[in-house]
Amino acid sequence: MATSSNTEILQAHAELCNLTFGYLKSMALECSIKLGVSNAIHHCSGDASLRDLLAALPVPDSKKPYQPRLMRFLATVGIFIAGDSATGECTNGREATTYRLTLLSRLLVDDDTGGNICTNLSPFVLSQTHDVTPALHLSDWFTSDEGSAAAEMPFRMVHGTDPWTITARDPNMNHVFNVGMAADTQFAMNFIINNCSEVFEGVSSLVDVAGGVGTAARFIAKAFSHIKCSVLDLPSVINSIPDDGIVEYIAGDMMRSIPKADVVFLKNVLHDWNDEDCMEILRQCRKAVPKLGGKVIIMDIVVGSLSKSMYEAHVMSDLLMMVITAGKECDESEWCKIFMDAGFSRWKMRPVMGCMAIIELYP
């Protein structure tokens with residue numbers, strides 16, 4: 001067995017430390033959003049000094065000495081770019097340091113209209129960092145099958161029920177979740193409509209299943225005025241949404257019945273459910289669309305990518321599904337088995353936007 005050099009051992013130790021304290025990345029990102037750091041830099045014409053930030057951010061005087069350390073960390077992990085105000089060279093939190101937005105942090109700006117960036121994903125981030133308690137009990141769940149640990153996922157072990165029951169009875173959690181999903185959907189739909197509009201060709205009616213507050217359906221209705229769009233979701237979601245005259249909101253249960261339409265649209269829905277439930281949802285979809293000219297459009301992850309960062313995002317999302325739902329992220333062969341078992345024989349599958357793929361199923 002080859003002997004590792006001191007350099008390799010020390011590098012491994014550094015990587016272990018980074019993994020051990022990796023949770024601080026999520027918490028620091030959440031902190032920067034709640035402080036409004038990206039917005040503050042944006043409002044300083046994209047180049048803000050520490051003094052600018054301290055003047056703009058809601059940080060009490062007693063905490064201002066700590067702000068440079070937070071900014072140094074955020075720049076080190078790639079959320080912002082740090083440089084010397086005079087030379088532009090990279091710095092480490094000195095007084096002369098200025099901070100600029102990266103492509104990543106531009107996704108956190110409220111009113112950024114530059115380039116191809118369309119939306120603010122801060123609500124999505126906050127919806128995912130709002131309750132990380134179930135993940136903290138992952139080892140407890142794995143090492144026991146007694147009492148609450150017998151639950152099908154850590155979320156149920158911690159909370160005694162599933163996420164949908166929690167959001168139905170907790171208005172604040174419901175709001176955080178719906179706003180976060182709406183932000184993610186706005187980002188995705190802007191990309192899809194601008195780059196893959198052909199999937200909606202020849203469509204006159206569409207139902208967005210488990211469509212939440214209707215973000216995707218409204219995007220489609222506005223882009224294609226000839227398509228009659230509706231949203232199907234649980235009464236706890238639908239009943240609080242005012243009629244906007246753009247889409248029709250229908251309270252119901254996708255496991256029992258889906259309104260008839262040319263297209264049934266499912267965005268980030270199936271990964272929340274086990275294979276048997278996915279098949280039942282797809283069987284209901286198959287009943288809802290016409291055999292001639294009808295289809296089911298799925299936007300979801302297909303696990304597998306040559307890009308290390310994309311693949312890491314895929315498997316991280318899969319681990320999240322294991323923690324909070326009974327579902328999973330599927331690779332191509334797993335998706336194909338589900339489709340065939342649900343009665344479909346034809347489909348098209350293509351990656352279109354980083355982590356997401358579009359799948360078209362034909363009855």
# chains A, B, ... in the order shown; residues from 1 in each chain; ligands from 1

$ residues_around --residues "His175 in chain A" --least-positions-apart "4" --cutoff "12 Å" --atoms "only C-alpha atoms" --output "short mmCIF file (atom, residue, chain, number, x, y, z; two decimals) with N, CA and C atoms, in the first residue's frame"
data_model
loop_
_atom_site.label_atom_id
_atom_site.label_comp_id
_atom_site.auth_asym_id
_atom_site.auth_seq_id
_atom_site.Cartn_x
_atom_site.Cartn_y
_atom_site.Cartn_z
N PRO A 123 -35.87 33.87 -1.38
CA PRO A 123 -36.94 33.15 -0.69
C PRO A 123 -36.80 31.63 -0.78
N PHE A 124 -36.28 31.15 -1.91
CA PHE A 124 -36.06 29.70 -2.03
C PHE A 124 -35.02 29.23 -1.02
N LEU A 126 -34.19 30.60 1.82
CA LEU A 126 -34.74 30.69 3.18
C LEU A 126 -35.76 29.59 3.44
N SER A 127 -36.46 29.15 2.41
CA SER A 127 -37.42 28.05 2.61
C SER A 127 -36.71 26.74 2.90
N HIS A 130 -35.02 27.06 6.64
CA HIS A 130 -35.97 27.42 7.69
C HIS A 130 -36.01 26.38 8.82
N ILE A 166 -47.64 19.71 8.20
CA ILE A 166 -47.08 20.86 8.92
C ILE A 166 -47.47 22.16 8.23
N THR A 167 -47.29 22.23 6.91
CA THR A 167 -47.61 23.47 6.19
C THR A 167 -49.11 23.76 6.22
N ALA A 168 -49.93 22.71 6.28
CA ALA A 168 -51.38 22.91 6.32
C ALA A 168 -51.83 23.53 7.64
N ARG A 169 -51.12 23.23 8.73
CA ARG A 169 -51.57 23.72 10.03
C ARG A 169 -50.73 24.88 10.56
N ASP A 170 -49.63 25.21 9.90
CA ASP A 170 -48.76 26.29 10.35
C ASP A 170 -48.70 27.37 9.27
N PRO A 171 -49.46 28.46 9.41
CA PRO A 171 -49.52 29.50 8.37
C PRO A 171 -48.15 30.08 8.02
N VAL A 179 -43.71 30.75 -0.82
CA VAL A 179 -42.93 31.85 -1.41
C VAL A 179 -41.60 31.32 -1.97
N GLY A 180 -40.99 30.39 -1.23
CA GLY A 180 -39.74 29.81 -1.70
C GLY A 180 -39.92 29.02 -2.97
N MET A 181 -40.97 28.19 -3.03
CA MET A 181 -41.24 27.41 -4.24
C MET A 181 -41.60 28.31 -5.41
N ALA A 182 -42.31 29.39 -5.13
CA ALA A 182 -42.68 30.33 -6.19
C ALA A 182 -41.44 30.97 -6.81
N GLY A 212 -49.12 24.76 -6.35
CA GLY A 212 -48.95 25.78 -5.32
C GLY A 212 -49.74 27.04 -5.61
N VAL A 213 -49.06 28.18 -5.53
CA VAL A 213 -49.74 29.46 -5.72
C VAL A 213 -49.92 29.82 -7.19
N SER A 236 -55.86 23.42 1.48
CA SER A 236 -55.08 24.28 2.37
C SER A 236 -54.20 25.26 1.61
N VAL A 237 -53.87 24.92 0.35
CA VAL A 237 -53.08 25.81 -0.50
C VAL A 237 -53.98 26.71 -1.33
N SER A 240 -56.55 29.86 0.03
CA SER A 240 -56.03 31.16 0.45
C SER A 240 -55.59 32.04 -0.71
N ILE A 241 -55.76 31.55 -1.95
CA ILE A 241 -55.28 32.29 -3.12
C ILE A 241 -56.43 33.05 -3.76
#

$ select_by_dssp --residues "range 169-311 of chain A" --states "strand (DSSP E)" --output "list in words"
Ser205, Leu206, Val207, Asp208, Val209, Lys228, Cys229, Ser230, Val231, Leu232, Asp233, Glu248, Tyr249, Ile250, Ala251, Val263, Val264, Phe265, Leu266, Lys267, Lys295, Val296, Ile297, Ile298, Met299, Asp300, Val302 and Val303 of chain A

$ residues_around --residues "Leu121 in chain A" --least-positions-apart "2" --cutoff "7 Å" --atoms "only C-alpha atoms" --output "PDB file with N, CA, C and O atoms, in the first residue's frame"
ATOM      1  N   LEU A 107     -28.213  36.151  -7.995  1.00  0.00           N
ATOM      2  CA  LEU A 107     -29.476  35.427  -7.858  1.00  0.00           C
ATOM      3  C   LEU A 107     -30.177  35.730  -6.537  1.00  0.00           C
ATOM      4  O   LEU A 107     -31.281  35.249  -6.293  1.00  0.00           O
ATOM      5  N   LEU A 108     -29.519  36.518  -5.680  1.00  0.00           N
ATOM      6  CA  LEU A 108     -30.087  36.853  -4.374  1.00  0.00           C
ATOM      7  C   LEU A 108     -30.529  38.309  -4.289  1.00  0.00           C
ATOM      8  O   LEU A 108     -30.932  38.777  -3.226  1.00  0.00           O
ATOM      9  N   THR A 119     -34.860  36.510 -11.593  1.00  0.00           N
ATOM     10  CA  THR A 119     -35.604  36.390 -10.354  1.00  0.00           C
ATOM     11  C   THR A 119     -34.692  36.398  -9.149  1.00  0.00           C
ATOM     12  O   THR A 119     -33.479  36.229  -9.262  1.00  0.00           O
ATOM     13  N   PRO A 123     -35.866  33.869  -1.384  1.00  0.00           N
ATOM     14  CA  PRO A 123     -36.944  33.148  -0.694  1.00  0.00           C
ATOM     15  C   PRO A 123     -36.796  31.631  -0.779  1.00  0.00           C
ATOM     16  O   PRO A 123     -37.153  30.913   0.163  1.00  0.00           O
ATOM     17  N   PHE A 124     -36.277  31.147  -1.908  1.00  0.00           N
ATOM     18  CA  PHE A 124     -36.058  29.702  -2.033  1.00  0.00           C
ATOM     19  C   PHE A 124     -35.025  29.227  -1.019  1.00  0.00           C
ATOM     20  O   PHE A 124     -35.220  28.217  -0.336  1.00  0.00           O
ATOM     21  N   VAL A 125     -33.909  29.964  -0.911  1.00  0.00           N
ATOM     22  CA  VAL A 125     -32.872  29.586   0.055  1.00  0.00           C
ATOM     23  C   VAL A 125     -33.450  29.563   1.465  1.00  0.00           C
ATOM     24  O   VAL A 125     -33.243  28.608   2.236  1.00  0.00           O
ATOM     25  N   ALA A 183     -40.472  31.323  -5.970  1.00  0.00           N
ATOM     26  CA  ALA A 183     -39.234  31.936  -6.477  1.00  0.00           C
ATOM     27  C   ALA A 183     -38.473  30.949  -7.357  1.00  0.00           C
ATOM     28  O   ALA A 183     -37.984  31.299  -8.444  1.00  0.00           O
ATOM     29  N   ASP A 184     -38.363  29.704  -6.900  1.00  0.00           N
ATOM     30  CA  ASP A 184     -37.667  28.678  -7.679  1.00  0.00           C
ATOM     31  C   ASP A 184     -38.389  28.428  -8.998  1.00  0.00           C
ATOM     32  O   ASP A 184     -37.761  28.297 -10.056  1.00  0.00           O
TER      33      ASP A 184
END

$ residues_around --residues "Glu312 in chain A" --least-positions-apart "6" --cutoff "10 Å" --atoms "only C-alpha atoms" --output "count of residues only"
5

$ closest_atom_pairs --of "range 127-204 of chain A" --to "range 327-335 of chain A" --cutoff "12 Å" --atoms "only C-alpha atoms" --output "tab-separated table"
residue	atom	partner	partner_atom	distance
A:Glu152	CA	A:Gly327	CA	10.0
A:Met153	CA	A:Gly327	CA	9.4
A:Asp162	CA	A:Gly327	CA	11.9

$ residues_around --residues "Ile79 in chain A" --least-positions-apart "3" --cutoff "10 Å" --atoms "only C-alpha atoms" --output "list in words"
Lys25, Leu29, Ser32, Ser38, Met71, Phe73, Leu74, Ala75, Thr76, Ala82, Arg100, Leu101, Thr102, Leu103, Leu104, Ser105, Arg106 and Leu108 of chain A
